[in-house]
$ cat coords.pdb   # PDB, C-alpha atoms, pLDDT in the B column
ATOM      1  CA  MET A  24      26.123  77.191  99.584  1.00 49.00           C
ATOM      2  CA  GLU A  25      28.220  74.465  98.025  1.00 46.00           C
ATOM      3  CA  SER A  26      27.983  71.795  95.374  1.00 47.00           C
ATOM      4  CA  HIS A  27      29.502  68.369  95.340  1.00 47.00           C
ATOM      5  CA  GLY A  28      29.304  65.140  93.402  1.00 44.00           C
ATOM      6  CA  ALA A  29      26.961  62.382  94.464  1.00 40.00           C
ATOM      7  CA  GLN A  30      27.054  59.085  92.610  1.00 43.00           C
ATOM      8  CA  GLY A  31      28.492  60.816  89.580  1.00 47.00           C
ATOM      9  CA  HIS A  32      26.041  63.720  89.707  1.00 58.00           C
ATOM     10  CA  TRP A  33      26.250  67.196  91.152  1.00 59.00           C
ATOM     11  CA  VAL A  34      24.235  68.148  94.192  1.00 69.00           C
ATOM     12  CA  LEU A  35      23.659  71.702  95.414  1.00 69.00           C
ATOM     13  CA  THR A  36      23.726  72.059  99.185  1.00 71.00           C
ATOM     14  CA  LEU A  37      21.947  74.955 100.882  1.00 69.00           C
ATOM     15  CA  GLY A  38      22.538  74.447 104.588  1.00 68.00           C
ATOM     16  CA  PRO A  39      20.725  71.244 105.573  1.00 71.00           C
ATOM     17  CA  LEU A  40      18.889  71.159 102.228  1.00 71.00           C
ATOM     18  CA  GLU A  41      20.321  69.130  99.354  1.00 74.00           C
ATOM     19  CA  ILE A  42      19.012  69.835  95.873  1.00 77.00           C
ATOM     20  CA  GLY A  43      19.811  66.991  93.496  1.00 81.00           C
ATOM     21  CA  TRP A  44      20.724  67.288  89.832  1.00 82.00           C
ATOM     22  CA  GLU A  45      17.300  65.981  88.837  1.00 85.00           C
ATOM     23  CA  VAL A  46      15.609  68.887  90.642  1.00 86.00           C
ATOM     24  CA  LEU A  47      17.956  71.428  89.082  1.00 87.00           C
ATOM     25  CA  THR A  48      17.353  69.946  85.621  1.00 90.00           C
ATOM     26  CA  THR A  49      13.592  70.007  86.210  1.00 91.00           C
ATOM     27  CA  TRP A  50      13.789  73.670  87.239  1.00 90.00           C
ATOM     28  CA  LEU A  51      15.807  74.388  84.099  1.00 91.00           C
ATOM     29  CA  ILE A  52      13.156  72.743  81.918  1.00 94.00           C
ATOM     30  CA  MET A  53      10.366  74.626  83.680  1.00 94.00           C
ATOM     31  CA  ALA A  54      12.188  77.929  83.217  1.00 94.00           C
ATOM     32  CA  LEU A  55      12.851  77.241  79.532  1.00 93.00           C
ATOM     33  CA  LEU A  56       9.248  76.222  78.872  1.00 93.00           C
ATOM     34  CA  GLY A  57       7.874  79.201  80.777  1.00 93.00           C
ATOM     35  CA  LEU A  58      10.122  81.662  78.977  1.00 94.00           C
ATOM     36  CA  GLY A  59       9.535  79.998  75.622  1.00 89.00           C
ATOM     37  CA  SER A  60       5.751  80.085  76.076  1.00 89.00           C
ATOM     38  CA  TRP A  61       5.849  83.757  76.966  1.00 89.00           C
ATOM     39  CA  LEU A  62       8.042  84.645  73.989  1.00 86.00           C
ATOM     40  CA  LEU A  63       5.887  82.633  71.592  1.00 83.00           C
ATOM     41  CA  THR A  64       2.459  83.826  72.674  1.00 83.00           C
ATOM     42  CA  ARG A  65       3.289  87.517  73.141  1.00 83.00           C
ATOM     43  CA  ARG A  66       3.752  87.891  69.362  1.00 78.00           C
ATOM     44  CA  PHE A  67       0.667  85.979  68.210  1.00 81.00           C
ATOM     45  CA  THR A  68      -1.289  87.793  65.489  1.00 79.00           C
ATOM     46  CA  ASP A  69      -4.256  87.182  63.201  1.00 78.00           C
ATOM     47  CA  ASP A  70      -1.772  86.691  60.357  1.00 79.00           C
ATOM     48  CA  PRO A  71       0.395  83.863  61.740  1.00 79.00           C
ATOM     49  CA  GLY A  72       3.946  83.283  60.660  1.00 82.00           C
ATOM     50  CA  ARG A  73       5.729  79.938  60.510  1.00 85.00           C
ATOM     51  CA  LEU A  74       6.506  79.767  64.220  1.00 83.00           C
ATOM     52  CA  GLN A  75       2.960  80.653  65.250  1.00 84.00           C
ATOM     53  CA  THR A  76       1.551  78.172  62.730  1.00 87.00           C
ATOM     54  CA  MET A  77       3.771  75.418  64.089  1.00 89.00           C
ATOM     55  CA  THR A  78       2.785  76.238  67.675  1.00 87.00           C
ATOM     56  CA  GLU A  79      -0.907  76.266  66.852  1.00 88.00           C
ATOM     57  CA  GLY A  80      -0.439  72.991  64.972  1.00 91.00           C
ATOM     58  CA  ILE A  81       1.059  71.325  68.064  1.00 90.00           C
ATOM     59  CA  ILE A  82      -1.824  72.556  70.225  1.00 91.00           C
ATOM     60  CA  SER A  83      -4.318  71.317  67.641  1.00 92.00           C
ATOM     61  CA  VAL A  84      -2.743  67.852  67.664  1.00 93.00           C
ATOM     62  CA  ILE A  85      -2.928  67.714  71.466  1.00 94.00           C
ATOM     63  CA  GLU A  86      -6.500  69.004  71.375  1.00 94.00           C
ATOM     64  CA  GLY A  87      -7.468  66.305  68.868  1.00 93.00           C
ATOM     65  CA  ALA A  88      -5.918  63.550  70.992  1.00 93.00           C
ATOM     66  CA  ILE A  89      -7.822  64.718  74.075  1.00 93.00           C
ATOM     67  CA  GLU A  90     -11.086  65.112  72.158  1.00 92.00           C
ATOM     68  CA  ALA A  91     -10.823  61.521  70.924  1.00 92.00           C
ATOM     69  CA  VAL A  92     -10.663  60.213  74.502  1.00 91.00           C
ATOM     70  CA  LEU A  93     -12.773  62.771  76.360  1.00 89.00           C
ATOM     71  CA  PRO A  94     -15.158  64.466  73.897  1.00 88.00           C
ATOM     72  CA  GLY A  95     -16.819  67.600  75.167  1.00 85.00           C
ATOM     73  CA  HIS A  96     -14.302  68.177  77.953  1.00 87.00           C
ATOM     74  CA  THR A  97     -11.243  69.039  75.867  1.00 88.00           C
ATOM     75  CA  TRP A  98     -10.696  72.574  77.088  1.00 88.00           C
ATOM     76  CA  ARG A  99     -11.219  71.489  80.665  1.00 89.00           C
ATOM     77  CA  VAL A 100      -8.217  69.150  80.720  1.00 93.00           C
ATOM     78  CA  LEU A 101      -6.099  70.606  77.892  1.00 93.00           C
ATOM     79  CA  PRO A 102      -3.955  72.884  80.119  1.00 93.00           C
ATOM     80  CA  PHE A 103      -2.920  70.011  82.399  1.00 95.00           C
ATOM     81  CA  VAL A 104      -2.540  67.187  79.877  1.00 95.00           C
ATOM     82  CA  GLY A 105      -0.976  69.450  77.244  1.00 94.00           C
ATOM     83  CA  THR A 106       1.572  70.802  79.720  1.00 94.00           C
ATOM     84  CA  LEU A 107       2.320  67.252  80.867  1.00 95.00           C
ATOM     85  CA  TRP A 108       3.004  66.101  77.310  1.00 95.00           C
ATOM     86  CA  ILE A 109       5.194  69.100  76.470  1.00 95.00           C
ATOM     87  CA  PHE A 110       7.166  68.862  79.721  1.00 95.00           C
ATOM     88  CA  LEU A 111       7.792  65.129  79.322  1.00 95.00           C
ATOM     89  CA  THR A 112       8.891  65.565  75.721  1.00 94.00           C
ATOM     90  CA  VAL A 113      11.603  68.002  76.788  1.00 94.00           C
ATOM     91  CA  ALA A 114      12.482  66.063  79.956  1.00 93.00           C
ATOM     92  CA  ASN A 115      12.902  62.761  78.107  1.00 92.00           C
ATOM     93  CA  LEU A 116      14.963  64.303  75.302  1.00 90.00           C
ATOM     94  CA  ILE A 117      17.173  66.615  77.355  1.00 90.00           C
ATOM     95  CA  GLY A 118      19.498  63.689  78.037  1.00 82.00           C
ATOM     96  CA  LEU A 119      20.729  64.117  74.451  1.00 80.00           C
ATOM     97  CA  VAL A 120      22.362  67.391  75.511  1.00 81.00           C
ATOM     98  CA  PRO A 121      25.987  66.715  76.544  1.00 76.00           C
ATOM     99  CA  GLY A 122      26.409  67.068  80.309  1.00 77.00           C
ATOM    100  CA  LEU A 123      22.704  66.717  81.072  1.00 81.00           C
ATOM    101  CA  ASP A 124      20.655  63.672  82.073  1.00 84.00           C
ATOM    102  CA  SER A 125      16.933  63.187  81.708  1.00 90.00           C
ATOM    103  CA  PRO A 126      15.324  63.880  85.105  1.00 92.00           C
ATOM    104  CA  THR A 127      12.822  61.107  84.331  1.00 92.00           C
ATOM    105  CA  THR A 128      15.602  58.575  84.931  1.00 90.00           C
ATOM    106  CA  GLU A 129      15.024  59.282  88.639  1.00 90.00           C
ATOM    107  CA  ILE A 130      12.100  57.618  90.410  1.00 92.00           C
ATOM    108  CA  SER A 131      11.598  60.730  92.558  1.00 90.00           C
ATOM    109  CA  VAL A 132      10.719  62.779  89.466  1.00 93.00           C
ATOM    110  CA  THR A 133       8.433  60.208  87.853  1.00 94.00           C
ATOM    111  CA  GLY A 134       6.852  59.620  91.266  1.00 94.00           C
ATOM    112  CA  ALA A 135       6.114  63.332  91.610  1.00 94.00           C
ATOM    113  CA  LEU A 136       4.553  63.363  88.141  1.00 95.00           C
ATOM    114  CA  ALA A 137       2.437  60.319  89.001  1.00 96.00           C
ATOM    115  CA  ILE A 138       1.237  62.034  92.191  1.00 96.00           C
ATOM    116  CA  LEU A 139       0.238  65.074  90.120  1.00 95.00           C
ATOM    117  CA  VAL A 140      -1.787  62.794  87.867  1.00 96.00           C
ATOM    118  CA  PHE A 141      -3.331  61.106  90.925  1.00 95.00           C
ATOM    119  CA  MET A 142      -4.399  64.469  92.363  1.00 95.00           C
ATOM    120  CA  SER A 143      -5.651  65.772  89.015  1.00 95.00           C
ATOM    121  CA  VAL A 144      -7.872  62.707  88.540  1.00 93.00           C
ATOM    122  CA  HIS A 145      -9.733  63.454  91.768  1.00 92.00           C
ATOM    123  CA  TRP A 146      -9.767  67.193  91.083  1.00 93.00           C
ATOM    124  CA  PHE A 147     -11.422  66.802  87.684  1.00 92.00           C
ATOM    125  CA  GLY A 148     -13.766  64.122  89.001  1.00 90.00           C
ATOM    126  CA  ILE A 149     -14.973  66.289  91.888  1.00 89.00           C
ATOM    127  CA  ARG A 150     -15.200  69.348  89.664  1.00 88.00           C
ATOM    128  CA  SER A 151     -17.361  67.436  87.196  1.00 84.00           C
ATOM    129  CA  GLU A 152     -19.618  65.450  89.533  1.00 81.00           C
ATOM    130  CA  GLY A 153     -19.426  67.255  92.860  1.00 85.00           C
ATOM    131  CA  LEU A 154     -17.791  65.835  95.969  1.00 85.00           C
ATOM    132  CA  TRP A 155     -20.508  63.365  96.939  1.00 85.00           C
ATOM    133  CA  GLY A 156     -21.312  62.398  93.366  1.00 81.00           C
ATOM    134  CA  TYR A 157     -17.667  61.575  92.738  1.00 84.00           C
ATOM    135  CA  LEU A 158     -17.017  59.735  96.006  1.00 84.00           C
ATOM    136  CA  LYS A 159     -20.162  57.691  95.506  1.00 83.00           C
ATOM    137  CA  HIS A 160     -18.569  55.581  92.777  1.00 79.00           C
ATOM    138  CA  TYR A 161     -16.081  54.189  95.311  1.00 83.00           C
ATOM    139  CA  VAL A 162     -18.900  52.373  97.078  1.00 81.00           C
ATOM    140  CA  SER A 163     -20.840  51.383  93.967  1.00 77.00           C
ATOM    141  CA  PRO A 164     -22.342  48.901  93.453  1.00 80.00           C
ATOM    142  CA  SER A 165     -21.390  47.718  96.955  1.00 81.00           C
ATOM    143  CA  PRO A 166     -19.497  49.312  99.879  1.00 83.00           C
ATOM    144  CA  LEU A 167     -17.482  46.086 100.037  1.00 85.00           C
ATOM    145  CA  LEU A 168     -15.607  47.275  96.926  1.00 83.00           C
ATOM    146  CA  LEU A 169     -14.194  50.361  98.667  1.00 87.00           C
ATOM    147  CA  PRO A 170     -10.862  48.705  99.691  1.00 88.00           C
ATOM    148  CA  PHE A 171     -10.384  47.385  96.162  1.00 89.00           C
ATOM    149  CA  HIS A 172     -11.002  50.813  94.648  1.00 85.00           C
ATOM    150  CA  ILE A 173      -8.447  52.357  97.013  1.00 90.00           C
ATOM    151  CA  ILE A 174      -5.866  49.657  96.246  1.00 92.00           C
ATOM    152  CA  GLY A 175      -6.478  50.169  92.548  1.00 90.00           C
ATOM    153  CA  GLU A 176      -5.864  53.930  92.833  1.00 90.00           C
ATOM    154  CA  ILE A 177      -2.574  53.364  94.659  1.00 92.00           C
ATOM    155  CA  THR A 178      -1.250  50.589  92.426  1.00 94.00           C
ATOM    156  CA  ARG A 179      -1.973  52.363  89.156  1.00 93.00           C
ATOM    157  CA  THR A 180      -0.212  55.485  90.448  1.00 93.00           C
ATOM    158  CA  LEU A 181       2.842  53.418  91.407  1.00 94.00           C
ATOM    159  CA  ALA A 182       2.752  51.643  88.043  1.00 94.00           C
ATOM    160  CA  LEU A 183       2.610  54.994  86.236  1.00 94.00           C
ATOM    161  CA  ALA A 184       5.744  56.209  88.042  1.00 94.00           C
ATOM    162  CA  VAL A 185       7.713  52.969  87.725  1.00 94.00           C
ATOM    163  CA  ARG A 186       6.838  52.459  84.051  1.00 92.00           C
ATOM    164  CA  LEU A 187       8.218  55.828  82.943  1.00 93.00           C
ATOM    165  CA  PHE A 188      11.256  55.589  85.233  1.00 93.00           C
ATOM    166  CA  GLY A 189      12.143  52.055  84.131  1.00 91.00           C
ATOM    167  CA  ASN A 190      11.733  52.680  80.407  1.00 90.00           C
ATOM    168  CA  ILE A 191      13.710  55.926  80.277  1.00 89.00           C
ATOM    169  CA  MET A 192      16.479  54.641  82.544  1.00 87.00           C
ATOM    170  CA  SER A 193      16.860  51.375  80.612  1.00 85.00           C
ATOM    171  CA  MET A 194      16.804  53.260  77.312  1.00 81.00           C
ATOM    172  CA  GLU A 195      19.630  55.586  78.341  1.00 79.00           C
ATOM    173  CA  ASN A 196      21.672  52.746  79.851  1.00 79.00           C
ATOM    174  CA  ALA A 197      21.238  50.625  76.717  1.00 77.00           C
ATOM    175  CA  ALA A 198      22.344  53.521  74.512  1.00 73.00           C
ATOM    176  CA  LEU A 199      25.377  54.078  76.748  1.00 73.00           C
ATOM    177  CA  ILE A 200      26.379  50.405  76.612  1.00 75.00           C
ATOM    178  CA  ILE A 201      26.059  50.300  72.818  1.00 72.00           C
ATOM    179  CA  LEU A 202      28.194  53.428  72.470  1.00 70.00           C
ATOM    180  CA  MET A 203      30.819  51.941  74.813  1.00 72.00           C
ATOM    181  CA  VAL A 204      30.972  48.746  72.745  1.00 71.00           C
ATOM    182  CA  MET A 205      30.691  50.197  69.246  1.00 68.00           C
ATOM    183  CA  GLY A 206      32.111  53.651  69.830  1.00 62.00           C
ATOM    184  CA  PHE A 207      30.646  56.180  67.444  1.00 61.00           C
ATOM    185  CA  LEU A 208      30.215  53.758  64.545  1.00 63.00           C
ATOM    186  CA  ALA A 209      26.444  53.863  64.823  1.00 62.00           C
ATOM    187  CA  PRO A 210      25.539  57.140  66.576  1.00 68.00           C
ATOM    188  CA  ILE A 211      22.686  58.146  64.258  1.00 71.00           C
ATOM    189  CA  PRO A 212      20.596  54.938  64.643  1.00 73.00           C
ATOM    190  CA  ILE A 213      21.058  55.092  68.414  1.00 73.00           C
ATOM    191  CA  LEU A 214      20.104  58.756  68.443  1.00 76.00           C
ATOM    192  CA  MET A 215      16.976  58.092  66.381  1.00 81.00           C
ATOM    193  CA  LEU A 216      16.030  55.162  68.625  1.00 80.00           C
ATOM    194  CA  HIS A 217      16.454  57.376  71.692  1.00 82.00           C
ATOM    195  CA  ILE A 218      14.212  60.083  70.230  1.00 87.00           C
ATOM    196  CA  ILE A 219      11.496  57.652  69.139  1.00 90.00           C
ATOM    197  CA  GLU A 220      11.435  55.824  72.462  1.00 88.00           C
ATOM    198  CA  ALA A 221      11.362  59.100  74.410  1.00 90.00           C
ATOM    199  CA  LEU A 222       8.384  60.332  72.377  1.00 93.00           C
ATOM    200  CA  VAL A 223       6.586  56.995  72.743  1.00 93.00           C
ATOM    201  CA  GLN A 224       6.997  57.038  76.540  1.00 94.00           C
ATOM    202  CA  THR A 225       5.807  60.644  76.635  1.00 94.00           C
ATOM    203  CA  TYR A 226       2.687  59.737  74.690  1.00 94.00           C
ATOM    204  CA  ILE A 227       1.949  56.663  76.832  1.00 95.00           C
ATOM    205  CA  PHE A 228       2.299  58.547  80.127  1.00 95.00           C
ATOM    206  CA  GLY A 229       0.102  61.430  78.976  1.00 94.00           C
ATOM    207  CA  MET A 230      -2.480  59.120  77.435  1.00 95.00           C
ATOM    208  CA  LEU A 231      -2.722  57.031  80.603  1.00 95.00           C
ATOM    209  CA  ALA A 232      -3.197  60.227  82.612  1.00 94.00           C
ATOM    210  CA  LEU A 233      -5.918  61.279  80.185  1.00 94.00           C
ATOM    211  CA  ILE A 234      -7.648  57.889  80.446  1.00 93.00           C
ATOM    212  CA  PHE A 235      -7.575  58.049  84.246  1.00 93.00           C
ATOM    213  CA  ILE A 236      -9.095  61.535  84.153  1.00 93.00           C
ATOM    214  CA  ALA A 237     -11.727  60.406  81.671  1.00 91.00           C
ATOM    215  CA  GLY A 238     -12.632  57.559  84.022  1.00 88.00           C
ATOM    216  CA  ALA A 239     -13.116  60.031  86.864  1.00 88.00           C
ATOM    217  CA  ILE A 240     -15.467  62.194  84.804  1.00 85.00           C
ATOM    218  CA  SER A 241     -18.802  60.398  84.605  1.00 64.00           C
ATOM    219  CA  SER A 242     -20.464  59.997  81.239  1.00 41.00           C
ATOM    220  CA  GLN A 243     -23.375  61.857  82.791  1.00 43.00           C
ATOM    221  CA  GLY A 244     -21.184  64.925  83.236  1.00 44.00           C
ATOM    222  CA  LYS A 245     -22.289  67.814  81.058  1.00 48.00           C
ATOM    223  CA  PRO A 246     -19.853  68.306  78.169  1.00 46.00           C
ATOM    224  CA  SER A 247     -18.156  71.654  77.944  1.00 44.00           C
ATOM    225  CA  SER A 248     -18.757  73.342  74.575  1.00 39.00           C
ATOM    226  CA  ARG A 249     -16.790  76.457  75.391  1.00 40.00           C
ATOM    227  CA  ARG A 250     -13.155  77.128  76.088  1.00 44.00           C
ATOM    228  CA  GLU A 251     -12.828  77.123  79.844  1.00 44.00           C
ATOM    229  CA  PRO A 252     -10.244  79.335  81.519  1.00 39.00           C
TER     230      PRO A 252
END
$ encode --input "coords.pdb" --output "structure tokens"
Amino acid sequence: MESHGAQGHWVLTLGPLEIGWEVLTTWLIMALLGLGSWLLTRRFTDDPGRLQTMTEGIISVIEGAIEAVLPGHTWRVLPFVGTLWIFLTVANLIGLVPGLDSPTTEISVTGALAILVFMSVHWFGIRSEGLWGYLKHYVSPSPLLLPFHIIGEITRTLALAVRLFGNIMSMENAALIILMVMGFLAPIPILMLHIIEALVQTYIFGMLALIFIAGAISSQGKPSSRREP
């Protein structure tokens, strides 16, 4: 086992396997979120304190956003979309921590997230309509549209990955250039701009994923009135 720098970043080498800094940072975020979720939920009571109230408030906001786009199916997609929003919020903002970079500045990370969205769209579509019922829309109203549907699925997945990667990378590079030119004369406005832009990109990515999932679930699908596991 050894670690070495690669283009200014550290890489962990395990035999023939190289684990980049973006993977290590992603693992760190996953571990922090997993541990934080466990610590938060294990102390939930019927008489909530401030921390529990804040947590429930965040979940309620996410639930409301999903319900506005996909009414009746909120608890079906909440675990995936909610986790996606929370993960991206931390991933986009972790670059503010000295010595760490946002993993979403790497196309490999945003590409992996886009592939997860791509797979989830088909998963929820098939789960809602059945395999044949879902696949049928690819040849409706004419089988001649099948190639165009396939191209559309691929291009929107690529666009999802490139959009997040390009915006976060350009945002961090712009902040770095401004700090190099102006020093620390205007750190607070730059910091606020970084936070706002990171949250905006998080919202856009999650909302696009939600819209894609909503498109896969037919309006004829039976709404879910109960909290699904």
$ resolve_selection --input "coords.pdb" --expression "the PyMOL selection byres ((chain A and resi 48-58) around 8)" --output "ChimeraX atom specification"
/A:44-47,59-62,110,113-114,123-126
$ write_last_selection --input "coords.pdb" --atoms "C-alpha atoms" --output "short mmCIF file (atom, residue, chain, number, x, y, z; two decimals), in the frame of the given file"
data_model
loop_
_atom_site.label_atom_id
_atom_site.label_comp_id
_atom_site.auth_asym_id
_atom_site.auth_seq_id
_atom_site.Cartn_x
_atom_site.Cartn_y
_atom_site.Cartn_z
CA TRP A 44 20.72 67.29 89.83
CA GLU A 45 17.30 65.98 88.84
CA VAL A 46 15.61 68.89 90.64
CA LEU A 47 17.96 71.43 89.08
CA GLY A 59 9.54 80.00 75.62
CA SER A 60 5.75 80.08 76.08
CA TRP A 61 5.85 83.76 76.97
CA LEU A 62 8.04 84.64 73.99
CA PHE A 110 7.17 68.86 79.72
CA VAL A 113 11.60 68.00 76.79
CA ALA A 114 12.48 66.06 79.96
CA LEU A 123 22.70 66.72 81.07
CA ASP A 124 20.66 63.67 82.07
CA SER A 125 16.93 63.19 81.71
CA PRO A 126 15.32 63.88 85.10
#
$ residues_around --input "coords.pdb" --residues "Met194 (chain A)" --least-positions-apart "4" --cutoff "7 Å" --atoms "only C-alpha atoms" --output "MDAnalysis selection string"
chainID A and resid 190 198 217
$ residues_around --input "coords.pdb" --residues "region 225-234 of chain A" --least-positions-apart "2" --cutoff "9 Å" --atoms "all atoms listed in the file" --output "JSON, numbers by chain"
{"A": [88, 89, 92, 93, 100, 104, 105, 107, 108, 109, 110, 111, 112, 115, 137, 140, 141, 143, 144, 183, 184, 186, 187, 220, 221, 222, 223, 236, 237, 238, 239]}
$ closest_residue --input "coords.pdb" --among "A:Phe103, A:Ile81, A:Thr68, A:His145" --to "Tyr157 (chain A)" --atoms "all atoms listed in the file"
A:His145
$ residues_around --input "coords.pdb" --residues "Phe188 (chain A)" --least-positions-apart "4" --cutoff "10 Å" --atoms "only C-alpha atoms" --output "list in words"
Pro126, Thr127, Thr128, Glu129, Ile130, Ser131, Val132, Thr133, Gly134, Ala182, Leu183, Ala184, Met192, Ser193, Met194 and Gln224 of chain A
$ atom_distance --input "coords.pdb" --atom1 "CA of Thr64 (chain A)" --atom2 "CA of Thr76 (chain A)"
11.5 Å
$ atom_distance --input "coords.pdb" --atom1 "CA of Glu86 (chain A)" --atom2 "CA of Ile240 (chain A)"
17.5 Å
$ atom_distance --input "coords.pdb" --atom1 "CA of Glu176 (chain A)" --atom2 "CA of Gly87 (chain A)"
27.0 Å
$ residues_around --input "coords.pdb" --residues "His160 (chain A)" --least-positions-apart "4" --cutoff "10 Å" --atoms "only C-alpha atoms" --output "compact mmCIF listing (two decimals) with C-alpha atoms, keeping the file's coordinate frame"
# COMPACT_ATOMS: atom_id res chain seq x y z
CA TRP A 155 -20.51 63.36 96.94
CA GLY A 156 -21.31 62.40 93.37
CA PRO A 164 -22.34 48.90 93.45
CA SER A 165 -21.39 47.72 96.96
CA PRO A 166 -19.50 49.31 99.88
CA LEU A 168 -15.61 47.28 96.93
CA LEU A 169 -14.19 50.36 98.67
CA HIS A 172 -11.00 50.81 94.65
CA ALA A 239 -13.12 60.03 86.86
CA SER A 241 -18.80 60.40 84.60
$ closest_residue --input "coords.pdb" --among "A:Ile219, A:Ala135, A:Leu40, A:Met142" --to "Leu116 (chain A)" --atoms "all atoms listed in the file"
A:Ile219
